[in-house]
Each structure stands twice: as C-alpha cells, then as structure tokens.
file final_11.txt (compact mmCIF, C-alpha atoms)
# COMPACT_ATOMS: atom_id res chain seq x y z
CA MET A 1 10.08 29.48 -55.57
CA LYS A 2 8.71 32.93 -54.73
CA ARG A 3 10.73 34.45 -57.54
CA LEU A 4 9.33 31.87 -59.98
CA PHE A 5 5.78 32.54 -58.82
CA ARG A 6 6.27 36.28 -59.26
CA SER A 7 7.68 35.81 -62.74
CA ILE A 8 4.73 33.62 -63.75
CA SER A 9 2.32 36.15 -62.20
CA LEU A 10 3.90 38.97 -64.20
CA ILE A 11 3.80 37.00 -67.45
CA VAL A 12 0.15 36.03 -66.96
CA THR A 13 -0.78 39.63 -66.11
CA LEU A 14 1.00 40.99 -69.19
CA VAL A 15 -0.42 38.36 -71.54
CA LEU A 16 -4.00 39.01 -70.38
CA ALA A 17 -3.50 42.77 -70.60
CA PHE A 18 -2.12 42.47 -74.11
CA GLY A 19 -5.00 40.17 -75.05
CA LEU A 20 -7.53 42.77 -73.94
CA ILE A 21 -5.82 45.52 -75.94
CA ALA A 22 -5.66 43.26 -79.00
CA SER A 23 -9.36 42.37 -78.71
CA MET A 24 -10.21 46.06 -78.55
CA ALA A 25 -8.04 46.91 -81.56
CA VAL A 26 -10.44 45.10 -83.94
CA ILE A 27 -12.75 48.11 -84.00
CA TYR A 28 -10.13 50.12 -85.89
CA VAL A 29 -9.14 47.55 -88.53
CA SER A 30 -11.42 46.70 -91.44
CA PRO A 31 -11.85 42.93 -91.92
CA VAL A 32 -11.34 43.59 -95.63
CA ARG A 33 -7.70 44.30 -94.79
CA ILE A 34 -7.13 41.80 -91.96
CA HIS A 35 -10.06 39.54 -91.16
CA VAL A 36 -8.31 37.11 -88.79
CA ILE A 37 -8.07 39.49 -85.82
CA THR A 38 -11.80 40.21 -86.06
CA PHE A 39 -12.42 37.02 -84.11
CA LEU A 40 -10.65 38.58 -81.10
CA GLY A 41 -13.59 40.95 -80.62
CA PHE A 42 -15.69 38.06 -79.34
CA LEU A 43 -13.20 37.58 -76.49
CA PHE A 44 -13.39 41.18 -75.26
CA PRO A 45 -16.06 40.71 -72.52
CA ALA A 46 -14.33 37.66 -71.04
CA LEU A 47 -10.89 39.28 -71.20
CA TRP A 48 -12.19 42.46 -69.57
CA LEU A 49 -13.70 40.53 -66.66
CA ILE A 50 -10.55 38.41 -66.26
CA ASN A 51 -8.42 41.55 -66.11
CA LEU A 52 -10.79 42.94 -63.50
CA LEU A 53 -10.28 39.76 -61.46
CA ILE A 54 -6.49 40.06 -61.87
CA LEU A 55 -6.72 43.64 -60.60
CA PHE A 56 -8.52 42.51 -57.45
CA VAL A 57 -5.93 39.78 -56.90
CA HIS A 58 -3.08 42.30 -57.12
CA ILE A 59 -4.93 44.70 -54.82
CA PHE A 60 -5.42 41.91 -52.28
CA ARG A 61 -1.72 41.02 -52.52
CA LYS A 62 -0.77 44.71 -52.41
CA SER A 63 1.31 44.19 -55.52
CA PRO A 64 2.50 47.20 -57.56
CA ARG A 65 1.63 45.16 -60.65
CA LEU A 66 -1.97 46.23 -60.16
CA ILE A 67 -1.09 49.19 -62.37
CA ILE A 68 -1.07 46.89 -65.42
CA PRO A 69 -4.69 45.65 -65.31
CA LEU A 70 -5.80 49.02 -63.94
CA LEU A 71 -4.32 50.80 -66.95
CA VAL A 72 -5.81 48.47 -69.60
CA LEU A 73 -9.20 48.50 -67.88
CA ALA A 74 -9.17 52.28 -67.91
CA LEU A 75 -8.15 52.35 -71.58
CA SER A 76 -10.96 49.95 -72.49
CA TRP A 77 -13.64 51.49 -70.26
CA ASN A 78 -15.44 53.21 -73.12
CA GLN A 79 -15.67 49.95 -75.07
CA TRP A 80 -16.88 48.12 -71.97
CA ASN A 81 -19.76 50.58 -71.78
CA ASN A 82 -20.75 49.47 -75.28
CA VAL A 83 -21.00 45.92 -73.96
CA PHE A 84 -22.46 46.33 -70.46
CA GLN A 85 -24.60 48.86 -68.63
CA LEU A 86 -25.39 48.61 -64.94
CA THR A 87 -28.76 50.36 -64.84
CA GLY A 88 -31.05 51.93 -67.42
CA GLU A 89 -32.30 55.51 -67.32
CA LYS A 90 -36.06 55.88 -67.09
CA ALA A 91 -37.93 58.54 -69.00
CA PRO A 92 -39.08 61.63 -67.10
CA GLU A 93 -42.80 62.31 -66.94
CA GLN A 94 -42.66 65.14 -69.47
CA LEU A 95 -40.96 64.86 -72.85
CA ASN A 96 -41.21 67.34 -75.69
CA THR A 97 -41.61 65.01 -78.68
CA PRO A 98 -41.53 61.38 -77.53
CA VAL A 99 -41.46 58.62 -80.14
CA LYS A 100 -41.31 54.92 -79.31
CA VAL A 101 -39.03 53.14 -81.79
CA MET A 102 -38.70 49.38 -82.13
CA SER A 103 -36.46 47.12 -84.22
CA TYR A 104 -37.23 43.44 -84.78
CA ASN A 105 -35.80 40.69 -86.97
CA THR A 106 -38.88 38.47 -87.24
CA ARG A 107 -37.25 35.51 -89.02
CA MET A 108 -39.86 35.71 -91.77
CA PHE A 109 -42.70 35.63 -89.21
CA ASP A 110 -41.82 31.95 -88.69
CA TYR A 111 -42.98 31.05 -92.20
CA TYR A 112 -41.00 27.78 -92.15
CA GLU A 113 -42.15 26.99 -88.58
CA TRP A 114 -38.64 27.00 -87.09
CA SER A 115 -40.11 27.66 -83.65
CA GLY A 116 -42.18 24.47 -83.76
CA GLN A 117 -45.19 26.42 -82.50
CA THR A 118 -48.16 27.17 -84.74
CA GLU A 119 -49.12 30.24 -82.72
CA THR A 120 -45.79 32.05 -83.26
CA PRO A 121 -46.94 34.44 -86.06
CA GLU A 122 -49.98 35.55 -84.06
CA GLY A 123 -47.76 35.89 -81.00
CA ILE A 124 -45.56 38.34 -82.90
CA TYR A 125 -48.53 40.40 -84.07
CA GLN A 126 -50.08 40.45 -80.59
CA PHE A 127 -46.78 41.50 -79.00
CA ILE A 128 -46.48 44.46 -81.37
CA ARG A 129 -50.09 45.51 -80.75
CA GLU A 130 -49.47 45.45 -77.00
CA GLU A 131 -46.18 47.36 -77.18
CA ASN A 132 -47.76 49.89 -79.55
CA PRO A 133 -44.60 51.43 -81.06
CA ASP A 134 -44.81 54.65 -83.05
CA ILE A 135 -42.20 53.42 -85.54
CA ILE A 136 -41.08 49.84 -86.06
CA CYS A 137 -38.29 48.53 -88.29
CA PHE A 138 -38.65 44.92 -89.43
CA GLN A 139 -35.83 42.82 -90.81
CA GLU A 140 -36.62 39.55 -92.60
CA TYR A 141 -40.05 40.90 -93.45
CA PHE A 142 -41.81 38.22 -95.48
CA THR A 143 -45.08 37.80 -97.36
CA SER A 144 -46.37 35.05 -99.61
CA ASN A 145 -49.50 34.04 -101.47
CA ARG A 146 -48.70 30.37 -100.94
CA LYS A 147 -49.62 30.15 -97.27
CA GLU A 148 -52.66 31.35 -95.36
CA GLY A 149 -51.96 34.39 -93.23
CA TYR A 150 -48.91 35.59 -95.16
CA HIS A 151 -50.59 37.45 -98.02
CA PRO A 152 -49.11 40.98 -98.26
CA ASN A 153 -52.46 42.67 -97.63
CA GLN A 154 -53.11 40.45 -94.64
CA THR A 155 -49.72 41.24 -93.15
CA LYS A 156 -50.11 44.98 -93.63
CA ALA A 157 -53.61 44.83 -92.15
CA ARG A 158 -52.18 43.38 -88.94
CA PHE A 159 -50.28 46.65 -88.48
CA ARG A 160 -53.16 48.93 -89.37
CA ALA A 161 -52.54 50.99 -86.22
CA LEU A 162 -49.32 52.06 -87.95
CA GLY A 163 -50.96 53.81 -90.86
CA TYR A 164 -47.89 54.34 -93.06
CA ASN A 165 -45.40 51.82 -94.39
CA HIS A 166 -42.27 51.46 -96.46
CA ILE A 167 -41.75 47.90 -97.70
CA GLU A 168 -38.89 46.82 -99.94
CA TYR A 169 -38.31 43.26 -101.11
CA ARG A 170 -34.81 42.01 -101.79
CA PHE A 171 -36.34 39.04 -103.56
CA ASP A 172 -39.72 39.66 -105.19
CA ASN A 173 -41.71 37.21 -107.31
CA GLY A 174 -43.30 40.13 -109.15
CA ARG A 175 -46.63 39.96 -107.36
CA GLY A 176 -45.81 42.17 -104.40
CA THR A 177 -44.63 39.34 -102.18
CA GLY A 178 -41.21 38.23 -101.08
CA TYR A 179 -38.33 38.59 -98.61
CA GLY A 180 -37.10 41.98 -97.53
CA ILE A 181 -37.27 44.77 -95.01
CA ALA A 182 -40.02 47.13 -93.84
CA THR A 183 -40.60 50.25 -91.75
CA PHE A 184 -44.05 51.05 -90.37
CA SER A 185 -44.97 54.42 -88.85
CA LYS A 186 -47.87 56.20 -87.20
CA PHE A 187 -46.55 59.40 -88.75
CA PRO A 188 -46.66 60.37 -92.45
CA ILE A 189 -43.86 59.14 -94.69
CA VAL A 190 -42.63 61.82 -97.07
CA LYS A 191 -39.83 60.00 -98.90
CA LYS A 192 -38.57 56.44 -99.40
CA GLY A 193 -35.29 55.00 -100.64
CA SER A 194 -33.63 51.58 -100.82
CA LEU A 195 -29.98 50.60 -100.46
CA PRO A 196 -29.52 47.03 -101.73
CA PHE A 197 -26.13 45.39 -101.29
CA SER A 198 -24.38 43.65 -104.18
CA ASP A 199 -23.93 39.88 -103.93
CA SER A 200 -26.14 39.71 -100.88
CA LYS A 201 -29.71 38.87 -99.90
CA ASN A 202 -29.56 41.65 -97.30
CA MET A 203 -30.30 45.35 -97.72
CA SER A 204 -31.08 48.67 -96.05
CA ILE A 205 -33.76 51.29 -96.60
CA PHE A 206 -34.21 54.89 -95.51
CA THR A 207 -37.56 56.47 -94.75
CA ASP A 208 -38.18 60.18 -94.16
CA ILE A 209 -40.96 60.59 -91.61
CA ASN A 210 -42.75 63.79 -90.61
CA VAL A 211 -43.12 63.65 -86.83
CA LYS A 212 -45.29 66.60 -85.82
CA GLY A 213 -43.55 68.91 -88.28
CA LYS A 214 -40.04 67.55 -87.73
CA ILE A 215 -38.55 65.40 -90.51
CA VAL A 216 -36.52 62.44 -89.29
CA ARG A 217 -34.72 59.96 -91.55
CA ILE A 218 -35.05 56.36 -90.36
CA PHE A 219 -32.42 53.90 -91.56
CA ASN A 220 -33.56 50.29 -91.35
CA ASN A 221 -30.66 47.88 -91.86
CA HIS A 222 -30.02 44.18 -92.24
CA LEU A 223 -26.31 43.58 -92.70
CA GLU A 224 -24.71 40.41 -94.02
CA SER A 225 -25.59 37.21 -92.17
CA ILE A 226 -23.08 34.45 -91.49
CA GLY A 227 -25.46 31.88 -92.90
CA PHE A 228 -24.90 29.05 -90.43
CA LYS A 229 -26.68 25.83 -91.32
CA GLU A 230 -27.82 23.07 -88.99
CA ASN A 231 -24.63 21.15 -89.67
CA ASP A 232 -22.50 24.12 -88.55
CA PHE A 233 -24.29 24.27 -85.21
CA ASN A 234 -23.90 20.52 -84.82
CA VAL A 235 -20.14 20.89 -85.31
CA ILE A 236 -20.00 23.60 -82.62
CA ASP A 237 -22.12 21.55 -80.22
CA SER A 238 -19.89 18.49 -80.63
CA LEU A 239 -16.52 20.18 -80.15
CA LYS A 240 -14.12 18.48 -77.78
CA PHE A 241 -10.52 19.06 -76.82
CA GLU A 242 -9.41 16.42 -79.31
CA MET A 243 -11.11 16.98 -82.67
CA ASP A 244 -11.38 14.40 -85.41
CA ALA A 245 -10.85 15.12 -89.10
CA GLN A 246 -14.57 15.74 -89.73
CA GLN A 247 -14.77 18.30 -86.94
CA ARG A 248 -11.64 20.08 -88.16
CA GLN A 249 -13.16 20.33 -91.62
CA GLY A 250 -16.37 21.64 -90.09
CA ILE A 251 -14.44 24.30 -88.17
CA LYS A 252 -12.69 25.39 -91.39
CA GLN A 253 -16.06 25.86 -93.08
CA ILE A 254 -17.38 27.86 -90.12
CA VAL A 255 -14.32 30.13 -90.11
CA LYS A 256 -14.63 30.59 -93.87
CA LYS A 257 -18.29 31.63 -93.58
CA MET A 258 -17.55 34.03 -90.72
CA SER A 259 -14.59 35.60 -92.55
CA ARG A 260 -16.71 36.18 -95.65
CA ALA A 261 -19.46 37.77 -93.58
CA PHE A 262 -16.98 39.97 -91.68
CA ARG A 263 -15.62 41.36 -94.95
CA GLN A 264 -19.03 41.94 -96.53
CA ARG A 265 -20.46 43.61 -93.44
CA SER A 266 -17.52 45.98 -93.16
CA SER A 267 -18.01 47.13 -96.77
CA GLN A 268 -21.75 47.48 -96.23
CA ALA A 269 -21.18 49.48 -93.04
CA GLU A 270 -18.85 51.88 -94.85
CA ILE A 271 -21.45 52.49 -97.56
CA LEU A 272 -24.20 53.06 -95.01
CA ALA A 273 -22.03 55.34 -92.88
CA ARG A 274 -21.63 57.66 -95.88
CA HIS A 275 -25.40 57.72 -96.45
CA ILE A 276 -26.02 58.39 -92.76
CA GLY A 277 -23.42 61.16 -92.69
CA ASN A 278 -24.95 62.80 -95.77
CA SER A 279 -28.51 62.73 -94.46
CA PRO A 280 -30.24 66.13 -94.74
CA TYR A 281 -32.22 65.31 -91.60
CA PRO A 282 -31.38 64.02 -88.11
CA VAL A 283 -31.38 60.23 -88.13
CA VAL A 284 -32.45 57.14 -86.26
CA VAL A 285 -30.54 54.02 -87.30
CA CYS A 286 -32.08 50.64 -86.52
CA GLY A 287 -31.51 47.06 -87.42
CA ASP A 288 -29.78 43.73 -87.30
CA PHE A 289 -26.07 44.41 -87.84
CA ASN A 290 -25.06 40.76 -87.23
CA ASP A 291 -22.01 42.05 -85.36
CA THR A 292 -21.09 42.80 -81.76
CA PRO A 293 -20.36 46.18 -80.12
CA ILE A 294 -16.65 45.34 -80.26
CA SER A 295 -16.36 45.38 -84.02
CA TYR A 296 -15.38 47.54 -86.95
CA VAL A 297 -18.99 47.43 -88.15
CA TYR A 298 -20.38 48.83 -84.89
CA ARG A 299 -17.85 51.67 -84.76
CA THR A 300 -18.38 52.53 -88.44
CA MET A 301 -22.18 52.45 -88.29
CA ARG A 302 -22.42 54.40 -85.07
CA GLY A 303 -19.99 57.17 -85.92
CA ASP A 304 -21.00 60.20 -83.86
CA LEU A 305 -24.48 58.85 -83.12
CA LYS A 306 -25.73 57.80 -79.71
CA ASP A 307 -26.37 54.15 -78.92
CA ALA A 308 -29.75 53.89 -77.17
CA PHE A 309 -28.50 50.89 -75.18
CA ARG A 310 -25.66 52.98 -73.76
CA GLU A 311 -28.07 55.77 -72.96
CA SER A 312 -30.63 53.74 -71.04
CA GLY A 313 -30.04 49.99 -71.34
CA SER A 314 -28.96 47.52 -68.66
CA GLY A 315 -26.97 44.30 -68.44
CA PHE A 316 -25.30 42.82 -71.50
CA GLY A 317 -28.42 43.28 -73.63
CA GLY A 318 -27.85 40.21 -75.82
CA THR A 319 -30.34 40.16 -78.70
CA TYR A 320 -29.44 36.90 -80.45
CA ASN A 321 -31.79 34.08 -79.49
CA GLY A 322 -29.99 31.17 -81.12
CA ARG A 323 -27.79 28.25 -80.18
CA LEU A 324 -24.70 30.42 -79.81
CA PRO A 325 -24.22 32.55 -76.67
CA SER A 326 -26.49 35.58 -76.67
CA LEU A 327 -24.77 38.55 -78.31
CA ARG A 328 -25.94 42.12 -78.83
CA ILE A 329 -26.27 42.38 -82.60
CA ASP A 330 -29.49 44.45 -82.92
CA TYR A 331 -29.24 48.20 -82.38
CA ILE A 332 -30.99 51.54 -82.23
CA PHE A 333 -28.74 54.57 -82.77
CA HIS A 334 -29.91 58.17 -82.97
CA ALA A 335 -28.74 61.70 -83.64
CA PRO A 336 -26.80 63.40 -80.80
CA SER A 337 -29.51 66.08 -80.62
CA PHE A 338 -32.06 63.46 -79.50
CA GLN A 339 -32.31 61.87 -76.08
CA SER A 340 -33.38 58.25 -75.52
CA TYR A 341 -34.82 56.48 -72.49
CA ASP A 342 -36.24 53.12 -71.44
CA PHE A 343 -34.19 50.97 -73.78
CA LYS A 344 -35.47 47.43 -73.54
CA ARG A 345 -34.71 44.00 -74.91
CA HIS A 346 -38.02 42.15 -75.00
CA ASP A 347 -37.64 38.55 -73.86
CA ILE A 348 -40.02 36.90 -76.27
CA GLU A 349 -38.82 33.85 -78.19
CA PHE A 350 -40.79 34.02 -81.43
CA SER A 351 -37.65 34.52 -83.53
CA ASP A 352 -33.90 33.94 -83.38
CA HIS A 353 -33.67 37.63 -82.40
CA TYR A 354 -35.14 39.51 -79.48
CA PRO A 355 -36.86 42.79 -80.40
CA VAL A 356 -35.47 46.01 -78.93
CA SER A 357 -37.19 49.31 -78.29
CA THR A 358 -36.51 52.73 -76.85
CA LEU A 359 -38.32 56.01 -76.23
CA ILE A 360 -36.69 58.88 -78.11
CA ASP A 361 -37.33 62.53 -77.44
CA LEU A 362 -36.82 64.29 -80.77
CA ALA A 363 -36.61 67.73 -79.17
CA PRO A 364 -33.05 69.05 -78.86
CA LYS A 365 -31.40 68.63 -75.48
CA LYS A 366 -31.16 72.36 -74.93
CA GLU A 367 -34.96 72.53 -75.08
CA ASN A 368 -35.20 69.79 -72.45
CA ASN A 369 -32.89 71.73 -70.15
CA GLU A 370 -34.74 75.00 -70.42

call {"tool": "encode", "arguments": {"input": "final_11.txt", "output": "structure tokens"}}
result
Amino acid sequence: MKRLFRSISLIVTLVLAFGLIASMAVIYVSPVRIHVITFLGFLFPALWLINLLILFVHIFRKSPRLIIPLLVLALSWNQWNNVFQLTGEKAPEQLNTPVKVMSYNTRMFDYYEWSGQTETPEGIYQFIREENPDIICFQEYFTSNRKEGYHPNQTKARFRALGYNHIEYRFDNGRGTGYGIATFSKFPIVKKGSLPFSDSKNMSIFTDINVKGKIVRIFNNHLESIGFKENDFNVIDSLKFEMDAQQRQGIKQIVKKMSRAFRQRSSQAEILARHIGNSPYPVVVCGDFNDTPISYVYRTMRGDLKDAFRESGSGFGGTYNGRLPSLRIDYIFHAPSFQSYDFKRHDIEFSDHYPVSTLIDLAPKKENNE
C-alpha cells in the first residue's frame, strides 16, 4: 500500500509540475500559431499555489521529491512576480520629476446606464478631480449630442484642470462625437498620432508630451475585447458538472470568441511593440490590454519596459470588475530609465474596470542615486 501511495504521490507531483510549466509556456507562443494553449495561462496562479502546497507537503514528509515543485517554482518565480506582489514601494519625499499617471477604461462613462446608478458619470468625474493625475489615459472614451452631459465640449470641460488633450474616435458620426480613446495632460502636447486596428473597434494612440523640457511619448492602448454578451455570462453562471446540449453550445461560442480575441490581440501587440521600440523618446505605455500577465500579449507589449505594478504594487492587483474572477488586464509600463512608486488599483465600481495609477519619476535612476 505504501508503494502505491508513493507512486500516486509521484504522479500527482509530476503532473502538477508539468501543468505549471505548460501554463507558463503560453507567453512564448503566439495565439495566431496555436491558440488552444493560451487558455492555460489562466490556470497559472492556481497551479503555482498548488505546487507551493505540494512543496510544503513534501517538506513535512521529508521526501526527496520536494525537489520537483521546488524546481518548477524557482523556474516560474519571475512570472509569479508579474501576477502577485507582497508589498508596494512608497515614494520617497524627494523626487526629481514626479508625474502621476492614471489609466482608466470608463465603459463609455456609463452612457447606457449599465451600473444602474444615475450618479455614476459624476462619480467618475469627481474621482478624477480628487485624484488629480498629471496624465490620464481613457479607454472607451465616449461623447454624444443625444444625451445631456455627454456633449464633447461638456466632457472636455470636466477635465479642464488637465489643459491639453488628445482625443481620437474609432467611430465618429462626423460631428466630433463618438467612441474612442483619449489622453489628457497638464503638460503641453507637442505631437499626436493614432494607431487604429483593422477589423476592430479598438485602437491605440501615441501622444508626445513636454514634461518640464523632457519629451515623453505616451501610448494609450485598448486591445481587442472578447465581446461577451449577457447570454455568455449566463452560460458561465449556470455551468454544472453535467452540461446539457444548450450549455455545450454556449461553451463552444465562448471558446470561439476568446480564440478570436486571443489571435487579434497578439497581432495588435506585435504591431504596437514595433512602434514602442521605434519611439524616439522614452515611453509610458498605458491601457486595457484585455489579457493577463501570463500571456503572449503581456510579454510582447512589455518587452524591456518596467511594469509599474511589479515596481510598487501589492496583492494580485485584479483590475476587471465584471462577473468573471478579477484579473489584472489594465497596465502601466514605463521606460527602464524611469522609476515608479505608489502603484494603486482604485476600488471604485463605476465601470467594469478599476482605474490604476502610479507616480513616475522621469529623471534617470543615476540622478536619483547621486
């Protein structure tokens, strides 16, 4: 019986270790080539924690098999740091060139009243006034002449403290209103550019901003959404061990939508990575990537940049405020020559995303250390 138990223990340990390695491998494989394994990335946090538990079990039993989970945990440690941070680093009292940057998918400022609360738009505006960012990147920026409070001039007036703006509409009715993306800044904007994606309602923009004599290029991004409808969420909510034909069909549709989005995002990320790499100025990259830190999109978009969450965030930092488990899909990256502090996910529920912010010192590190 002991021999059987040991054999089962070894098999379970190896299977879980292999599962963790497989879930981590998704960051290196474009979903355009193989999209099925992309789903494994969602399992990474759970598999990492299970392997940690297996390690403790083997330590308690003084089993030499502890080397297996120990090895895979060590190999995946860097990726785990993309997912979880224990404590955030606070900003020192003196910074050379501090700039508070925020990114927020506003869900069209609740134009269709998804929140069920009439005060949601004003709540968003009041939150931004109180947080007082120097630069803010909006995704799902929306204006309309058809509803009071959404006129483009009214919306811009609400952010008058941020005197400069770069607004691009992906869908425009020709009267300066529509659905798009926007970057607002307290500092002068010297150049603007848009990067629309083909066959998509999403897009990116870049904005060159003069911050006290230093030009910084801000990339504001909204990558391909999955496009779940109410019926898709209902299918997920109703799942049981034994699924009927209707549920199986619903699952097929969900997988199809996710696979399409995986492929489109990976192509979009590759395009953006080239633009980021060719920037003549140091960059800050913000936005809703609609993908987790264990993904090809995250690795491609980040490149050699620093992730502000890794620098000074805490916990899992989930930014999705929907009916699925909270995932970190909104990011702020920045040039290696910058240093970021006080990364924060703001727990306000005005949208299906939580806003994120960080304080970035634009002065090179070597100046901070002198």

call {"tool": "atom_distance", "arguments": {"input": "final_11.txt", "atom1": "atom CA of A:Thr87", "atom2": "atom CA of A:Phe309"}}
result
10.4 Å

call {"tool": "closest_atom_pairs", "arguments": {"input": "final_11.txt", "of": "stretch 36-148 of chain A", "to": "stretch 335-342 of chain A", "cutoff": "8 Å", "atoms": "only C-alpha atoms", "output": "Markdown table"}}
result
| residue | atom | partner | partner_atom | distance |
| --- | --- | --- | --- | --- |
| A:Gly88 | CA | A:Asp342 | CA | 6.7 |
| A:Glu89 | CA | A:Tyr341 | CA | 5.8 |
| A:Lys90 | CA | A:Asp342 | CA | 5.2 |
| A:Ala91 | CA | A:Tyr341 | CA | 5.1 |

call {"tool": "write_last_selection", "arguments": {"input": "final_11.txt", "atoms": "C-alpha atoms", "output": "PDB file, in the frame of the given file"}}
result
ATOM      1  CA  GLY A  88     -31.050  51.930 -67.420  1.00  0.00           C
ATOM      2  CA  GLU A  89     -32.300  55.510 -67.320  1.00  0.00           C
ATOM      3  CA  LYS A  90     -36.060  55.880 -67.090  1.00  0.00           C
ATOM      4  CA  ALA A  91     -37.930  58.540 -69.000  1.00  0.00           C
TER       5      ALA A  91
END

call {"tool": "closest_residue", "arguments": {"input": "final_11.txt", "among": "A:Phe39, A:Trp114, A:Trp77, A:Phe316", "to": "A:Asp291", "atoms": "only C-alpha atoms"}}
result
A:Phe39

call {"tool": "closest_residue", "arguments": {"input": "final_11.txt", "among": "A:Tyr111, A:Phe333, A:Tyr320, A:Tyr169", "to": "A:Leu359", "atoms": "all atoms listed in the file"}}
result
A:Phe333

call {"tool": "residues_around", "arguments": {"input": "final_11.txt", "residues": "A:Gly277", "least_positions_apart": "2", "cutoff": "12 Å", "atoms": "all atoms listed in the file", "output": "PDB file with C-alpha atoms, in the frame of the given file"}}
result
ATOM      1  CA  ARG A 217     -34.720  59.960 -91.550  1.00  0.00           C
ATOM      2  CA  PHE A 219     -32.420  53.900 -91.560  1.00  0.00           C
ATOM      3  CA  ALA A 269     -21.180  49.480 -93.040  1.00  0.00           C
ATOM      4  CA  GLU A 270     -18.850  51.880 -94.850  1.00  0.00           C
ATOM      5  CA  ILE A 271     -21.450  52.490 -97.560  1.00  0.00           C
ATOM      6  CA  LEU A 272     -24.200  53.060 -95.010  1.00  0.00           C
ATOM      7  CA  ALA A 273     -22.030  55.340 -92.880  1.00  0.00           C
ATOM      8  CA  ARG A 274     -21.630  57.660 -95.880  1.00  0.00           C
ATOM      9  CA  HIS A 275     -25.400  57.720 -96.450  1.00  0.00           C
ATOM     10  CA  SER A 279     -28.510  62.730 -94.460  1.00  0.00           C
ATOM     11  CA  PRO A 280     -30.240  66.130 -94.740  1.00  0.00           C
ATOM     12  CA  TYR A 281     -32.220  65.310 -91.600  1.00  0.00           C
ATOM     13  CA  PRO A 282     -31.380  64.020 -88.110  1.00  0.00           C
ATOM     14  CA  VAL A 283     -31.380  60.230 -88.130  1.00  0.00           C
ATOM     15  CA  VAL A 284     -32.450  57.140 -86.260  1.00  0.00           C
ATOM     16  CA  VAL A 285     -30.540  54.020 -87.300  1.00  0.00           C
ATOM     17  CA  THR A 300     -18.380  52.530 -88.440  1.00  0.00           C
ATOM     18  CA  MET A 301     -22.180  52.450 -88.290  1.00  0.00           C
ATOM     19  CA  ARG A 302     -22.420  54.400 -85.070  1.00  0.00           C
ATOM     20  CA  GLY A 303     -19.990  57.170 -85.920  1.00  0.00           C
ATOM     21  CA  ASP A 304     -21.000  60.200 -83.860  1.00  0.00           C
ATOM     22  CA  LEU A 305     -24.480  58.850 -83.120  1.00  0.00           C
ATOM     23  CA  ALA A 335     -28.740  61.700 -83.640  1.00  0.00           C
TER      24      ALA A 335
END

call {"tool": "closest_residue", "arguments": {"input": "final_11.txt", "among": "A:Asp361, A:Asp288, A:Asp352, A:Glu140", "to": "A:Gly322", "atoms": "all atoms listed in the file"}}
result
A:Asp352

call {"tool": "residues_around", "arguments": {"input": "final_11.txt", "residues": "A:Ile27", "least_positions_apart": "3", "cutoff": "7 Å", "atoms": "only C-alpha atoms", "output": "PyMOL selection string"}}
result
chain A and resi 24+294-296+299

call {"tool": "atom_distance", "arguments": {"input": "final_11.txt", "atom1": "atom CA of A:Gly178", "atom2": "atom CA of A:Tyr141"}}
result
8.2 Å

call {"tool": "atom_distance", "arguments": {"input": "final_11.txt", "atom1": "atom CA of A:Ile68", "atom2": "atom CA of A:Asn51"}}
result
9.1 Å

call {"tool": "closest_residue", "arguments": {"input": "final_11.txt", "among": "A:Ser351, A:Asn290, A:Ser259, A:Ser194", "to": "A:Ile124", "atoms": "all atoms listed in the file"}}
result
A:Ser351

call {"tool": "closest_residue", "arguments": {"input": "final_11.txt", "among": "A:Pro152, A:Gly19, A:Pro133, A:Pro31", "to": "A:Pro45", "atoms": "all atoms listed in the file"}}
result
A:Gly19

call {"tool": "residues_around", "arguments": {"input": "final_11.txt", "residues": "A:His151", "least_positions_apart": "5", "cutoff": "10 Å", "atoms": "only C-alpha atoms", "output": "short mmCIF file (atom, residue, chain, number, x, y, z; two decimals) with C-alpha atoms, in the coordinates of the input"}}
result
data_model
loop_
_atom_site.label_atom_id
_atom_site.label_comp_id
_atom_site.auth_asym_id
_atom_site.auth_seq_id
_atom_site.Cartn_x
_atom_site.Cartn_y
_atom_site.Cartn_z
CA PHE A 142 -41.81 38.22 -95.48
CA THR A 143 -45.08 37.80 -97.36
CA SER A 144 -46.37 35.05 -99.61
CA ASN A 145 -49.50 34.04 -101.47
CA ARG A 146 -48.70 30.37 -100.94
CA LYS A 156 -50.11 44.98 -93.63
CA ALA A 157 -53.61 44.83 -92.15
CA GLY A 176 -45.81 42.17 -104.40
CA THR A 177 -44.63 39.34 -102.18
CA GLY A 178 -41.21 38.23 -101.08
#

call {"tool": "build_atoms", "arguments": {"input": "final_11.txt", "residues": "stretch 26-37 of chain A", "atoms": "N, CA and C atoms", "output": "mmCIF file, in the coordinates of the input"}}
result
data_model
loop_
_atom_site.group_PDB
_atom_site.id
_atom_site.type_symbol
_atom_site.label_atom_id
_atom_site.label_comp_id
_atom_site.auth_asym_id
_atom_site.auth_seq_id
_atom_site.Cartn_x
_atom_site.Cartn_y
_atom_site.Cartn_z
ATOM 1 N N VAL A 26 -9.689 45.526 -82.747
ATOM 2 C CA VAL A 26 -10.440 45.100 -83.940
ATOM 3 C C VAL A 26 -11.386 46.177 -84.434
ATOM 4 N N ILE A 27 -11.789 47.094 -83.576
ATOM 5 C CA ILE A 27 -12.750 48.110 -84.000
ATOM 6 C C ILE A 27 -12.135 49.103 -84.976
ATOM 7 N N TYR A 28 -10.807 49.149 -85.030
ATOM 8 C CA TYR A 28 -10.130 50.120 -85.890
ATOM 9 C C TYR A 28 -9.623 49.531 -87.207
ATOM 10 N N VAL A 29 -9.708 48.215 -87.356
ATOM 11 C CA VAL A 29 -9.140 47.550 -88.530
ATOM 12 C C VAL A 29 -10.255 46.894 -89.340
ATOM 13 N N SER A 30 -10.395 47.293 -90.590
ATOM 14 C CA SER A 30 -11.420 46.700 -91.440
ATOM 15 C C SER A 30 -11.089 45.241 -91.723
ATOM 16 N N PRO A 31 -12.078 44.343 -91.578
ATOM 17 C CA PRO A 31 -11.850 42.930 -91.920
ATOM 18 C C PRO A 31 -11.477 42.719 -93.377
ATOM 19 N N VAL A 32 -11.756 43.699 -94.232
ATOM 20 C CA VAL A 32 -11.340 43.590 -95.630
ATOM 21 C C VAL A 32 -9.815 43.552 -95.710
ATOM 22 N N ARG A 33 -9.165 44.258 -94.816
ATOM 23 C CA ARG A 33 -7.700 44.300 -94.790
ATOM 24 C C ARG A 33 -7.121 43.121 -94.017
ATOM 25 N N ILE A 34 -7.600 42.915 -92.798
ATOM 26 C CA ILE A 34 -7.130 41.800 -91.960
ATOM 27 C C ILE A 34 -8.352 41.217 -91.260
ATOM 28 N N HIS A 35 -8.831 40.077 -91.727
ATOM 29 C CA HIS A 35 -10.060 39.540 -91.160
ATOM 30 C C HIS A 35 -9.809 38.602 -89.974
ATOM 31 N N VAL A 36 -8.578 38.098 -89.830
ATOM 32 C CA VAL A 36 -8.310 37.110 -88.790
ATOM 33 C C VAL A 36 -8.497 37.692 -87.395
ATOM 34 N N ILE A 37 -8.008 38.925 -87.173
ATOM 35 C CA ILE A 37 -8.070 39.490 -85.820
ATOM 36 C C ILE A 37 -9.500 39.850 -85.417
#
